[in-house]
$ cat upload_23.txt   # compact mmCIF, C-alpha atoms
# COMPACT_ATOMS: atom_id res chain seq x y z
CA MET T 1 178.34 8.59 -216.55
CA ARG T 2 181.95 7.44 -216.82
CA GLY T 3 183.10 9.92 -214.13
CA PRO T 4 184.21 13.56 -214.35
CA GLU T 5 187.94 12.78 -214.34
CA VAL T 6 187.86 9.69 -216.54
CA PRO T 7 188.80 10.17 -220.22
CA ALA T 8 186.50 8.63 -222.81
CA LYS T 9 187.52 5.36 -224.43
CA PRO T 10 186.78 5.76 -228.13
CA LEU T 11 184.75 3.20 -230.05
CA ASP T 12 186.60 1.23 -232.70
CA ALA T 13 185.49 -1.07 -235.49
CA ARG T 14 186.08 -4.20 -233.42
CA ALA T 15 183.79 -2.90 -230.67
CA LEU T 16 181.13 -1.89 -233.20
CA ALA T 17 181.26 -5.31 -234.85
CA ALA T 18 180.78 -6.96 -231.44
CA LEU T 19 177.97 -4.54 -230.60
CA ALA T 20 176.24 -5.26 -233.89
CA ALA T 21 176.53 -8.99 -233.22
CA ASN T 22 174.62 -8.54 -229.95
CA PRO T 23 172.24 -5.61 -230.54
CA GLY T 24 169.94 -6.55 -227.65
CA CYS T 25 172.60 -5.82 -225.03
CA ALA T 26 171.70 -2.40 -223.61
CA ARG T 27 174.56 -2.68 -221.11
CA ARG T 28 177.22 -2.72 -223.78
CA ALA T 29 175.45 -0.01 -225.78
CA ILE T 30 175.37 2.49 -222.89
CA LEU T 31 178.92 1.71 -221.71
CA ASP T 32 180.38 2.03 -225.20
CA GLY T 33 178.31 5.14 -225.91
CA ALA T 34 179.52 6.76 -222.69
CA GLY T 35 183.14 5.90 -223.45
CA VAL T 36 183.55 3.69 -220.38
CA ASP T 37 186.71 1.58 -220.21
CA LYS T 38 185.08 -1.83 -219.73
CA ALA T 39 188.37 -3.55 -218.89
CA ARG T 40 188.94 -1.25 -215.90
CA LEU T 41 185.29 -1.56 -214.94
CA ALA T 42 185.47 -5.37 -215.00
CA THR T 43 188.55 -5.29 -212.75
CA ALA T 44 186.80 -2.94 -210.31
CA LEU T 45 183.83 -5.33 -210.23
CA GLY T 46 186.10 -8.21 -209.26
CA ALA T 47 185.69 -10.07 -212.57
CA PRO T 48 188.75 -9.11 -214.66
CA SER T 49 188.69 -10.30 -218.22
CA GLY T 50 191.44 -11.84 -220.29
CA PHE T 51 189.89 -10.32 -223.40
CA GLY T 52 192.29 -8.60 -225.78
CA GLN T 53 195.61 -9.19 -227.50
CA SER T 54 198.85 -9.90 -225.71
CA GLN T 55 201.72 -7.44 -225.91
CA PHE T 56 203.67 -9.96 -227.99
CA ALA T 57 200.83 -10.22 -230.52
CA LEU T 58 200.53 -6.42 -230.73
CA THR T 59 204.28 -6.04 -231.29
CA ARG T 60 204.31 -8.75 -233.95
CA GLY T 61 201.29 -7.23 -235.66
CA ASN T 62 202.81 -3.74 -235.72
CA ALA T 63 206.07 -5.07 -237.14
CA PHE T 64 204.25 -6.96 -239.89
CA GLU T 65 202.13 -3.93 -240.77
CA ALA T 66 205.25 -1.76 -241.02
CA ARG T 67 206.79 -4.28 -243.40
CA VAL T 68 203.66 -4.37 -245.57
CA LYS T 69 203.60 -0.56 -245.84
CA ALA T 70 207.33 -0.08 -246.41
CA ASP T 71 208.57 1.78 -249.50
CA GLY T 72 205.42 3.84 -249.80
CA GLY T 73 203.16 0.81 -249.60
CA ALA T 74 204.55 -0.71 -252.81
CA GLU T 75 203.89 -4.31 -251.74
CA LEU T 76 200.43 -3.49 -250.40
CA LEU T 77 199.46 -1.76 -253.64
CA ARG T 78 200.84 -4.67 -255.65
CA LEU T 79 198.57 -7.02 -253.70
CA ALA T 80 195.60 -4.66 -254.14
CA HIS T 81 196.20 -4.60 -257.89
CA ALA T 82 196.59 -8.39 -258.14
CA ARG T 83 193.68 -9.38 -255.89
CA LEU T 84 191.15 -6.57 -256.36
CA ASP T 85 191.76 -4.80 -259.68
CA PRO T 86 194.00 -6.81 -262.05
CA GLY T 87 192.55 -5.06 -265.10
CA ALA T 88 193.79 -1.64 -264.02
CA GLU T 89 197.19 -0.20 -264.77
CA PRO T 90 199.94 -1.37 -262.38
CA PRO T 91 200.58 0.98 -259.42
CA ALA T 92 203.97 2.22 -260.57
CA ALA T 93 203.81 5.62 -258.84
CA ALA T 94 201.12 5.86 -256.20
CA ALA T 95 200.30 8.89 -254.06
CA VAL T 96 200.48 8.60 -250.26
CA PRO T 97 198.93 11.81 -248.87
CA ASP T 98 199.70 13.15 -245.42
CA LEU T 99 196.64 12.67 -243.19
CA SER T 100 197.96 14.28 -240.03
CA ALA T 101 195.67 16.82 -238.34
CA HIS T 102 194.66 17.96 -234.87
CA GLY T 103 192.21 15.67 -233.08
CA PRO T 104 189.92 13.01 -234.53
CA GLU T 105 187.58 15.59 -236.06
CA GLY T 106 190.47 17.21 -237.90
CA ARG T 107 191.79 13.87 -239.11
CA THR T 108 188.32 12.89 -240.31
CA ALA T 109 188.03 16.09 -242.34
CA ARG T 110 191.56 15.63 -243.70
CA THR T 111 190.73 12.07 -244.77
CA ALA T 112 187.59 13.20 -246.60
CA LEU T 113 189.61 15.87 -248.40
CA ALA T 114 192.29 13.35 -249.40
CA LEU T 115 189.66 10.93 -250.71
CA ARG T 116 188.07 13.69 -252.76
CA GLU T 117 191.39 14.78 -254.26
CA ALA T 118 192.45 11.20 -255.01
CA THR T 119 189.14 10.43 -256.70
CA ARG T 120 189.44 13.52 -258.90
CA ALA T 121 193.09 12.87 -259.80
CA GLY T 122 192.74 9.23 -260.85
CA GLY T 123 195.59 6.77 -260.47
CA TRP T 124 196.48 4.75 -257.39
CA THR T 125 196.43 6.36 -253.94
CA LEU T 126 197.16 4.78 -250.56
CA LEU T 127 195.68 6.31 -247.41
CA ASP T 128 197.63 5.05 -244.41
CA HIS T 129 195.49 4.90 -241.23
CA PRO T 130 192.75 7.30 -242.36
CA MET T 131 190.14 8.47 -239.86
CA LEU T 132 186.44 7.86 -240.50
CA ALA T 133 183.33 8.76 -238.49
CA LEU T 134 180.15 6.74 -238.06
CA ASP T 135 177.03 7.64 -236.10
CA VAL T 136 176.07 4.70 -233.86
CA ALA T 137 172.88 4.95 -231.78
CA GLY T 138 173.31 8.69 -231.31
CA SER T 139 177.01 8.48 -230.47
CA LEU T 140 179.76 9.40 -232.96
CA ALA T 141 182.43 6.73 -233.37
CA PHE T 142 185.80 7.52 -234.93
CA LEU T 143 187.26 4.59 -236.84
CA GLU T 144 190.80 4.01 -238.10
CA PRO T 145 191.22 1.28 -240.72
CA ASP T 146 194.68 -0.02 -241.50
CA ALA T 147 194.52 1.48 -244.99
CA VAL T 148 192.19 2.56 -247.78
CA VAL T 149 193.16 2.26 -251.45
CA VAL T 150 191.76 4.56 -254.14
CA HIS T 151 191.75 2.82 -257.54
CA PRO T 152 192.37 4.52 -260.89
CA ASP T 153 188.64 4.36 -261.67
CA GLY T 154 187.87 6.37 -258.50
CA SER T 155 186.54 3.45 -256.43
CA TRP T 156 187.67 2.83 -252.84
CA SER T 157 188.76 -0.39 -251.10
CA VAL T 158 189.34 -1.20 -247.43
CA VAL T 159 192.55 -2.98 -246.45
CA GLU T 160 192.78 -5.14 -243.32
CA ILE T 161 196.25 -6.22 -242.16
CA LYS T 162 196.31 -9.14 -239.73
CA SER T 163 199.17 -11.08 -238.16
CA PHE T 164 197.57 -14.55 -238.30
CA PRO T 165 199.03 -16.74 -241.06
CA MET T 166 197.53 -17.63 -244.41
CA VAL T 167 198.65 -21.20 -245.10
CA ASP T 168 198.33 -22.51 -248.66
CA GLY T 169 196.12 -19.56 -249.55
CA SER T 170 193.62 -19.94 -246.70
CA ALA T 171 193.44 -18.82 -243.08
CA ASP T 172 191.47 -19.71 -239.95
CA PRO T 173 187.79 -19.21 -240.94
CA ALA T 174 186.87 -17.81 -237.52
CA LYS T 175 189.61 -15.18 -237.71
CA VAL T 176 188.76 -14.32 -241.32
CA GLY T 177 185.12 -13.92 -240.31
CA ALA T 178 186.06 -11.56 -237.48
CA ALA T 179 188.23 -9.54 -239.86
CA ALA T 180 185.38 -9.39 -242.39
CA ARG T 181 182.93 -8.09 -239.77
CA GLN T 182 185.44 -5.45 -238.73
CA ALA T 183 186.06 -4.44 -242.35
CA ALA T 184 182.29 -4.21 -242.94
CA VAL T 185 182.14 -1.42 -240.35
CA TYR T 186 184.81 0.49 -242.27
CA VAL T 187 182.87 -0.04 -245.51
CA LEU T 188 179.76 1.48 -243.93
CA ALA T 189 181.75 4.50 -242.73
CA LEU T 190 183.36 4.95 -246.16
CA GLU T 191 179.95 4.80 -247.82
CA GLU T 192 178.83 7.74 -245.69
CA VAL T 193 181.88 9.74 -246.82
CA ALA T 194 181.18 8.82 -250.45
CA ALA T 195 177.54 9.86 -250.11
CA ARG T 196 178.55 13.25 -248.74
CA LEU T 197 181.07 13.81 -251.55
CA GLY T 198 178.51 12.81 -254.17
CA ALA T 199 175.98 15.24 -252.69
CA GLU T 200 178.31 18.25 -252.88
CA PRO T 201 177.49 20.58 -255.81
CA GLY T 202 179.98 20.25 -258.62
CA GLU T 203 181.89 17.51 -256.80
CA ARG T 204 182.14 15.22 -259.80
CA ALA T 205 183.49 16.94 -262.90
CA ASP T 206 181.70 14.42 -265.09
CA GLY T 207 178.42 14.83 -263.26
CA GLY T 208 178.51 11.14 -262.31
CA PRO T 209 177.40 9.44 -259.08
CA ALA T 210 179.22 9.31 -255.76
CA PRO T 211 182.45 7.30 -255.56
CA ARG T 212 181.91 3.55 -255.28
CA VAL T 213 183.05 1.68 -252.18
CA ARG T 214 184.00 -1.83 -253.23
CA ASP T 215 182.33 -4.70 -251.40
CA ARG T 216 185.49 -6.82 -251.58
CA VAL T 217 188.21 -5.90 -249.12
CA LEU T 218 191.89 -6.85 -249.19
CA LEU T 219 192.99 -9.08 -246.31
CA VAL T 220 196.78 -9.09 -245.92
CA CYS T 221 198.40 -11.79 -243.77
CA PRO T 222 201.80 -13.49 -243.38
CA LYS T 223 202.34 -16.16 -246.02
CA ASP T 224 202.56 -19.68 -244.59
CA PHE T 225 204.96 -19.54 -241.65
CA SER T 226 207.10 -16.65 -242.88
CA ASN T 227 206.86 -12.91 -242.42
CA LEU T 228 206.24 -12.29 -246.12
CA PRO T 229 202.87 -10.68 -246.90
CA THR T 230 200.21 -12.29 -249.03
CA GLY T 231 196.71 -11.11 -249.78
CA SER T 232 193.21 -12.37 -250.40
CA ALA T 233 190.03 -10.66 -251.57
CA VAL T 234 187.20 -11.11 -249.05
CA ASP T 235 183.59 -10.42 -250.03
CA VAL T 236 181.93 -8.55 -247.13
CA ARG T 237 178.48 -7.95 -248.64
CA LYS T 238 176.80 -10.28 -246.16
CA GLN T 239 178.66 -8.84 -243.16
CA ARG T 240 177.95 -5.31 -244.30
CA ALA T 241 174.21 -5.96 -244.64
CA VAL T 242 174.00 -7.67 -241.25
CA THR T 243 176.04 -4.97 -239.51
CA ALA T 244 174.00 -2.15 -241.05
CA ARG T 245 170.74 -3.81 -240.03
CA GLN T 246 171.92 -4.52 -236.47
CA LEU T 247 173.35 -1.04 -235.92
CA ALA T 248 170.08 0.48 -237.14
CA ARG T 249 168.20 -1.60 -234.54
CA LEU T 250 170.32 -0.42 -231.62
CA THR T 251 168.43 1.51 -228.97
CA ARG T 252 169.65 5.08 -228.89
CA VAL T 253 171.99 5.86 -226.03
CA GLU T 254 169.87 8.68 -224.66
CA GLU T 255 166.85 6.35 -224.38
CA ILE T 256 168.84 3.85 -222.33
CA ALA T 257 170.33 6.61 -220.16
CA GLY T 258 166.89 8.11 -219.54
CA ALA T 259 165.69 4.86 -217.94
CA LEU T 260 168.59 4.68 -215.46
CA PRO T 261 168.39 5.89 -211.84
CA GLU T 262 169.52 9.47 -211.25
CA GLY T 263 173.23 9.76 -210.55
CA THR T 264 174.22 6.43 -212.14
CA CYS T 265 177.99 6.45 -212.64
CA PHE T 266 180.41 3.81 -213.91
CA ALA T 267 183.65 5.44 -212.71
CA PRO T 268 186.07 2.62 -211.76
CA ASP T 269 187.11 4.38 -208.55
CA ARG T 270 183.62 4.02 -207.06
CA PRO T 271 182.99 1.36 -204.35
CA ALA T 272 182.43 -2.13 -205.71
CA GLU T 273 178.88 -2.31 -204.32
CA GLU T 274 177.93 0.96 -206.00
CA LEU T 275 179.48 -0.09 -209.29
CA THR T 276 177.72 -3.45 -209.18
CA ALA T 277 174.37 -1.75 -208.61
CA ALA T 278 175.00 0.69 -211.46
CA VAL T 279 175.98 -2.06 -213.91
CA ASP T 280 173.10 -4.33 -212.89
CA ALA T 281 170.65 -1.46 -213.43
CA VAL T 282 171.26 -1.82 -217.19
CA PRO T 283 169.88 -5.04 -218.72
CA ALA T 284 172.37 -7.28 -220.51
CA THR T 285 172.00 -10.10 -223.01
CA TYR T 286 174.79 -12.54 -222.29
CA ALA T 287 175.82 -15.33 -224.65
CA PRO T 288 178.97 -17.49 -224.81
CA ASP T 289 180.13 -15.43 -227.80
CA CYS T 290 180.65 -12.49 -225.43
CA LEU T 291 183.72 -14.22 -223.93
CA SER T 292 185.69 -13.39 -227.08
CA ALA T 293 184.18 -9.95 -227.69
CA CYS T 294 183.47 -8.12 -224.41
CA GLU T 295 185.53 -7.25 -221.34
CA LEU T 296 182.51 -7.61 -219.04
CA ALA T 297 181.78 -11.17 -220.18
CA PHE T 298 182.87 -12.85 -216.92
CA HIS T 299 180.72 -10.54 -214.80
CA CYS T 300 177.69 -11.02 -217.04
CA ARG T 301 178.22 -14.78 -217.11
CA GLU T 302 178.13 -14.95 -213.33
CA ARG T 303 174.89 -12.95 -213.26
CA SER T 304 173.43 -15.11 -216.03
CA ARG T 305 174.27 -18.30 -214.14
CA ALA T 306 172.79 -16.94 -210.92
CA ALA T 307 169.56 -16.07 -212.73
CA GLY T 308 169.45 -19.43 -214.49
CA ALA T 309 169.10 -17.73 -217.88
CA VAL T 310 169.13 -20.02 -220.91
CA THR T 311 171.07 -17.46 -222.99
CA ARG T 312 174.25 -18.62 -221.27
CA LEU T 313 173.84 -21.91 -223.18
CA GLY T 314 174.01 -20.14 -226.53
CA ARG T 315 171.78 -18.15 -228.86
CA PRO T 316 170.71 -21.11 -231.08
CA LEU T 317 169.33 -22.98 -228.05
CA ARG T 318 167.71 -19.81 -226.74
CA ALA T 319 165.93 -19.37 -230.08
CA GLU T 320 164.62 -22.96 -229.96
CA LEU T 321 163.08 -22.49 -226.50
CA GLY T 322 160.68 -19.68 -227.42
CA GLY T 323 159.23 -18.00 -224.33
CA LEU T 324 161.09 -20.21 -221.82
CA ASP T 325 163.68 -17.83 -220.38
CA THR T 326 165.22 -19.79 -217.50
CA VAL T 327 166.53 -23.29 -216.95
CA ALA T 328 163.90 -23.80 -214.22
CA ASP T 329 161.14 -23.00 -216.73
CA VAL T 330 162.61 -25.46 -219.22
CA LEU T 331 162.83 -28.28 -216.66
CA ALA T 332 159.30 -27.59 -215.40
CA ALA T 333 157.96 -27.69 -218.95
CA ALA T 334 159.80 -30.95 -219.65
CA ARG T 335 158.35 -32.56 -216.52
CA GLY T 336 154.84 -31.42 -217.39
CA GLU T 337 154.61 -29.10 -214.40
CA ALA T 338 154.23 -25.89 -216.43
CA GLY T 339 153.94 -24.61 -219.97
CA ASP T 340 151.33 -24.70 -222.69
CA PRO T 341 151.10 -28.20 -224.23
CA ASP T 342 150.32 -26.61 -227.59
CA ASP T 343 153.60 -24.69 -227.54
CA PRO T 344 155.99 -26.47 -229.97
CA ALA T 345 158.95 -25.91 -227.64
CA VAL T 346 157.07 -27.37 -224.65
CA ALA T 347 155.85 -30.33 -226.73
CA ALA T 348 159.40 -31.04 -227.94
CA LEU T 349 160.77 -30.88 -224.39
CA ARG T 350 158.15 -33.31 -223.08
CA ARG T 351 158.79 -35.69 -225.94
CA ALA T 352 162.53 -35.54 -225.25
CA ALA T 353 161.91 -36.15 -221.53
CA ALA T 354 159.74 -39.16 -222.34
CA LEU T 355 162.39 -40.62 -224.65
CA ARG T 356 165.06 -40.08 -222.01
CA ALA T 357 162.97 -41.77 -219.35
CA GLU T 358 162.28 -44.68 -221.69
CA ALA T 359 165.97 -45.08 -222.51
CA LEU T 360 167.01 -44.92 -218.87
CA GLY T 361 164.28 -47.39 -217.92
CA ALA T 362 165.44 -49.86 -220.56
CA ALA T 363 169.04 -49.51 -219.42
CA GLY T 364 167.99 -50.04 -215.81
CA ARG T 365 166.03 -53.17 -216.64
CA ALA T 366 168.97 -54.60 -218.59
CA ALA T 367 171.33 -53.91 -215.69
CA ALA T 368 168.94 -55.56 -213.24
CA ALA T 369 168.65 -58.61 -215.50
CA ARG T 370 172.41 -58.98 -215.65
CA ALA T 371 172.68 -58.68 -211.89
CA GLN T 372 170.11 -61.45 -211.29
CA ALA T 373 171.43 -63.87 -213.96
CA PRO T 374 173.99 -66.63 -213.12
CA ALA T 375 177.65 -65.80 -213.79
CA GLY T 376 177.78 -67.59 -217.14
CA GLU T 377 174.61 -65.95 -218.42
CA ALA T 378 175.81 -62.56 -217.21
CA LEU T 379 179.01 -62.95 -219.25
CA ALA T 380 176.93 -63.94 -222.25
CA CYS T 381 174.74 -60.82 -221.80
CA ARG T 382 177.85 -58.66 -221.78
$ encode --input "upload_23.txt" --output "C-alpha cells"
Amino acid sequence: MRGPEVPAKPLDARALAALAANPGCARRAILDGAGVDKARLATALGAPSGFGQSQFALTRGNAFEARVKADGGAELLRLAHARLDPGAEPPAAAAVPDLSAHGPEGRTARTALALREATRAGGWTLLDHPMLALDVAGSLAFLEPDAVVVHPDGSWSVVEIKSFPMVDGSADPAKVGAAARQAAVYVLALEEVAARLGAEPGERADGGPAPRVRDRVLLVCPKDFSNLPTGSAVDVRKQRAVTARQLARLTRVEEIAGALPEGTCFAPDRPAEELTAAVDAVPATYAPDCLSACELAFHCRERSRAAGAVTRLGRPLRAELGGLDTVADVLAAARGEAGDPDDPAVAALRRAAALRAEALGAAGRAAAARAQAPAGEALACR
C-alpha cells in the first residue's frame, strides 16, 4: 500500500500516543499500519505540514541527552534514586549492558534478555535506548524509549529526557502531558515484556510474580535556563489506562484495508489526483488537536471545512451537538427548519438562537432610539 520501492516508516511512541488520542481516525490507522511516510504524502498532496521538531531543537535535545547519560548515566541514576526510589541503596556502581543487535527484532530480544538478567542480579541497571515491541491493531510497532532503569528490588522505570526547561520545579503542563502520554506507551510495552518473563518456567528463582513496571516515570529536563539536568516523577496511571483502552478500540488494519478499493496505493510518486482519491477513500476524523500531532492535518482540515463538519470546531463541541454532524445541520436546527424538538441539542440551539435574536433586537431598538433623539438626549443616552 505504501509502494513497492518505498521503505516502511516505523511507528514510534509519539505516533501511537497521537493515534490513541484519536482512535476513530481510520485514515491514520491504515497509514501508520502500512508504514506510510505521512510527511512525504502530505507534500505530494499539496498540503505540506510544519509538524515536527526543527533541526535546532533536535540538535539541542541530543546534546542534552548525551550530557544526562555521561559517565555511565551517573547523573540520570542519581535522579532516578532521588525522585523514584529514595529508600533504596544509592547507585554507586550500576550496570549498563550492551543492547546492540541486528535489526529491531534482534534488539528487542536483546533488551528482554538484559531486563531478565538485571532483574535476577539485583542492584541498579541502566538500559540506554532499549528496543520494545507492542502489537497495535494487528501491526507490530517497535519502540525506543530514552532509557529504562532497573531498581534493586527488580522493578522497572521508564525515563523520558526532554529539552524543554523545568523552571522552579515545574514545566509547561501541555508538554509534560505529551511526555506522559508518550511514556505511557512505553509502560504498556514494558508490561508485555514483564508478563512474558513472569510466564517463563523457572524465571523467578523465588517463585514470585512477574517484574513490576512502575507507574511513575522519571522526566528529566534542563533546570531553569541552564543546561543542567533536573528530574521529576510523573504519575502516568491515567495516561496508561486511557492509552490501553483507546489502542484496544482501534479497528484492525486488515479490516480497514479490506474495505478499500482494489489497488489502493499511497506511494508519494503517484499523481496527485490518484493520491487524493486514495487518501479520501479512507474516512478520517479531523479535530484541531491533529495540527500538533499529524502530518496530514492540513489536508484533512481542508476536507473537513469543505464538508462543513463540526469536528473541525473541536471534540468538546462535537460531543455537545449529538447527531448534528455538519454546520448546515446545526444552523437549520437553530432556525427551527430541521431537527427533533425533543432532542436536547436541538432544544439548546433554538433557545440560544432565540436569546441571540432577543439581544440583537434590543440593541437595534436602542440604536434606533438614539438616532431619533435630539442631540442632547442622544449624548445623555450614551
$ residues_around --input "upload_23.txt" --residues "Thr125 (chain T)" --least-positions-apart "4" --cutoff "8 Å" --atoms "all atoms listed in the file" --output "PyMOL selection string"
chain T and resi 94-97+118+149-151
$ atom_distance --input "upload_23.txt" --atom1 "CA of Arg107 (chain T)" --atom2 "CA of Leu132 (chain T)"
8.2 Å
$ closest_residue --input "upload_23.txt" --among "T:Leu321, T:Ala267, T:Leu219, T:Ala287" --to "Asp37 (chain T)" --atoms "only C-alpha atoms"
T:Ala267
$ closest_residue --input "upload_23.txt" --among "T:Arg351, T:Arg181, T:Arg303, T:Arg270" --to "Met1 (chain T)" --atoms "only C-alpha atoms"
T:Arg270
$ closest_residue --input "upload_23.txt" --among "T:Ser232, T:Ser157, T:Ser304, T:Asn62" --to "Trp124 (chain T)" --atoms "all atoms listed in the file"
T:Ser157
$ atom_distance --input "upload_23.txt" --atom1 "CA of Ala306 (chain T)" --atom2 "CA of Ala281 (chain T)"
15.8 Å
$ closest_residue --input "upload_23.txt" --among "T:Ala369, T:Ala362, T:Cys294, T:Leu77" --to "Arg28 (chain T)" --atoms "all atoms listed in the file"
T:Cys294
$ closest_residue --input "upload_23.txt" --among "T:Gly122, T:Pro229, T:Gly35, T:Gly3" --to "Ala63 (chain T)" --atoms "all atoms listed in the file"
T:Pro229
$ residues_around --input "upload_23.txt" --residues "region 344-350 of chain T" --least-positions-apart "3" --cutoff "10 Å" --atoms "all atoms listed in the file" --output "compact mmCIF listing (two decimals) with C-alpha atoms, in the frame of the given file"
# COMPACT_ATOMS: atom_id res chain seq x y z
CA ALA T 319 165.93 -19.37 -230.08
CA GLU T 320 164.62 -22.96 -229.96
CA LEU T 321 163.08 -22.49 -226.50
CA GLY T 322 160.68 -19.68 -227.42
CA GLY T 323 159.23 -18.00 -224.33
CA LEU T 324 161.09 -20.21 -221.82
CA ASP T 329 161.14 -23.00 -216.73
CA VAL T 330 162.61 -25.46 -219.22
CA LEU T 331 162.83 -28.28 -216.66
CA ALA T 332 159.30 -27.59 -215.40
CA ALA T 333 157.96 -27.69 -218.95
CA ALA T 334 159.80 -30.95 -219.65
CA ARG T 335 158.35 -32.56 -216.52
CA GLY T 336 154.84 -31.42 -217.39
CA ALA T 338 154.23 -25.89 -216.43
CA GLY T 339 153.94 -24.61 -219.97
CA ASP T 340 151.33 -24.70 -222.69
CA PRO T 341 151.10 -28.20 -224.23
CA ALA T 353 161.91 -36.15 -221.53
CA ALA T 354 159.74 -39.16 -222.34
CA LEU T 355 162.39 -40.62 -224.65
CA ARG T 356 165.06 -40.08 -222.01
$ closest_residue --input "upload_23.txt" --among "T:Pro288, T:Lys238, T:Pro283, T:Trp156" --to "Ala257 (chain T)" --atoms "only C-alpha atoms"
T:Pro283
$ atom_distance --input "upload_23.txt" --atom1 "CA of Ala147 (chain T)" --atom2 "CA of Phe56 (chain T)"
22.4 Å
$ decode --input "upload_23.txt" --residues "region 224-231 of chain T" --atoms "all heavy atoms" --output "PDB file, in the first residue's frame"
ATOM      1  N   ASP T 224      15.834  25.216  35.106  1.00  0.00           N
ATOM      2  CA  ASP T 224      15.664  26.649  34.873  1.00  0.00           C
ATOM      3  C   ASP T 224      16.104  26.998  33.453  1.00  0.00           C
ATOM      4  O   ASP T 224      15.595  26.441  32.503  1.00  0.00           O
ATOM      5  CB  ASP T 224      16.418  27.447  35.936  1.00  0.00           C
ATOM      6  CG  ASP T 224      15.861  27.171  37.337  1.00  0.00           C
ATOM      7  OD1 ASP T 224      14.656  26.911  37.449  1.00  0.00           O
ATOM      8  OD2 ASP T 224      16.647  27.195  38.304  1.00  0.00           O
ATOM      9  N   PHE T 225      17.075  27.887  33.320  1.00  0.00           N
ATOM     10  CA  PHE T 225      17.521  28.284  31.983  1.00  0.00           C
ATOM     11  C   PHE T 225      18.959  27.839  31.708  1.00  0.00           C
ATOM     12  O   PHE T 225      19.650  28.403  30.866  1.00  0.00           O
ATOM     13  CB  PHE T 225      17.404  29.811  31.836  1.00  0.00           C
ATOM     14  CG  PHE T 225      16.004  30.304  32.027  1.00  0.00           C
ATOM     15  CD1 PHE T 225      15.618  30.875  33.234  1.00  0.00           C
ATOM     16  CD2 PHE T 225      15.057  30.158  31.033  1.00  0.00           C
ATOM     17  CE1 PHE T 225      14.314  31.315  33.427  1.00  0.00           C
ATOM     18  CE2 PHE T 225      13.751  30.587  31.217  1.00  0.00           C
ATOM     19  CZ  PHE T 225      13.383  31.179  32.413  1.00  0.00           C
ATOM     20  N   SER T 226      19.379  26.795  32.421  1.00  0.00           N
ATOM     21  CA  SER T 226      20.721  26.252  32.231  1.00  0.00           C
ATOM     22  C   SER T 226      20.639  24.968  31.420  1.00  0.00           C
ATOM     23  O   SER T 226      19.580  24.607  30.917  1.00  0.00           O
ATOM     24  CB  SER T 226      21.367  25.978  33.592  1.00  0.00           C
ATOM     25  OG  SER T 226      20.701  24.902  34.240  1.00  0.00           O
ATOM     26  N   ASN T 227      21.788  24.302  31.319  1.00  0.00           N
ATOM     27  CA  ASN T 227      21.823  23.001  30.650  1.00  0.00           C
ATOM     28  C   ASN T 227      22.042  21.880  31.660  1.00  0.00           C
ATOM     29  O   ASN T 227      22.374  20.760  31.286  1.00  0.00           O
ATOM     30  CB  ASN T 227      22.937  22.988  29.590  1.00  0.00           C
ATOM     31  CG  ASN T 227      22.700  21.918  28.539  1.00  0.00           C
ATOM     32  OD1 ASN T 227      21.555  21.610  28.203  1.00  0.00           O
ATOM     33  ND2 ASN T 227      23.770  21.329  28.031  1.00  0.00           N
ATOM     34  N   LEU T 228      21.837  22.194  32.949  1.00  0.00           N
ATOM     35  CA  LEU T 228      21.990  21.196  33.997  1.00  0.00           C
ATOM     36  C   LEU T 228      20.704  20.383  34.110  1.00  0.00           C
ATOM     37  O   LEU T 228      19.603  20.947  34.084  1.00  0.00           O
ATOM     38  CB  LEU T 228      22.302  21.877  35.332  1.00  0.00           C
ATOM     39  CG  LEU T 228      23.594  22.697  35.394  1.00  0.00           C
ATOM     40  CD1 LEU T 228      23.712  23.405  36.736  1.00  0.00           C
ATOM     41  CD2 LEU T 228      24.804  21.807  35.138  1.00  0.00           C
ATOM     42  N   PRO T 229      20.805  19.073  34.257  1.00  0.00           N
ATOM     43  CA  PRO T 229      19.595  18.245  34.309  1.00  0.00           C
ATOM     44  C   PRO T 229      18.937  18.260  35.682  1.00  0.00           C
ATOM     45  O   PRO T 229      19.600  18.322  36.715  1.00  0.00           O
ATOM     46  CB  PRO T 229      20.112  16.845  33.966  1.00  0.00           C
ATOM     47  CG  PRO T 229      21.542  16.862  34.399  1.00  0.00           C
ATOM     48  CD  PRO T 229      22.036  18.263  34.210  1.00  0.00           C
ATOM     49  N   THR T 230      17.631  18.217  35.675  1.00  0.00           N
ATOM     50  CA  THR T 230      16.851  18.019  36.883  1.00  0.00           C
ATOM     51  C   THR T 230      15.727  17.049  36.546  1.00  0.00           C
ATOM     52  O   THR T 230      15.407  16.849  35.363  1.00  0.00           O
ATOM     53  CB  THR T 230      16.283  19.349  37.420  1.00  0.00           C
ATOM     54  OG1 THR T 230      15.641  19.116  38.681  1.00  0.00           O
ATOM     55  CG2 THR T 230      15.269  19.944  36.454  1.00  0.00           C
ATOM     56  N   GLY T 231      15.154  16.440  37.553  1.00  0.00           N
ATOM     57  CA  GLY T 231      14.170  15.399  37.303  1.00  0.00           C
ATOM     58  C   GLY T 231      12.906  15.571  38.119  1.00  0.00           C
ATOM     59  O   GLY T 231      12.896  16.250  39.155  1.00  0.00           O
TER      60      GLY T 231
END
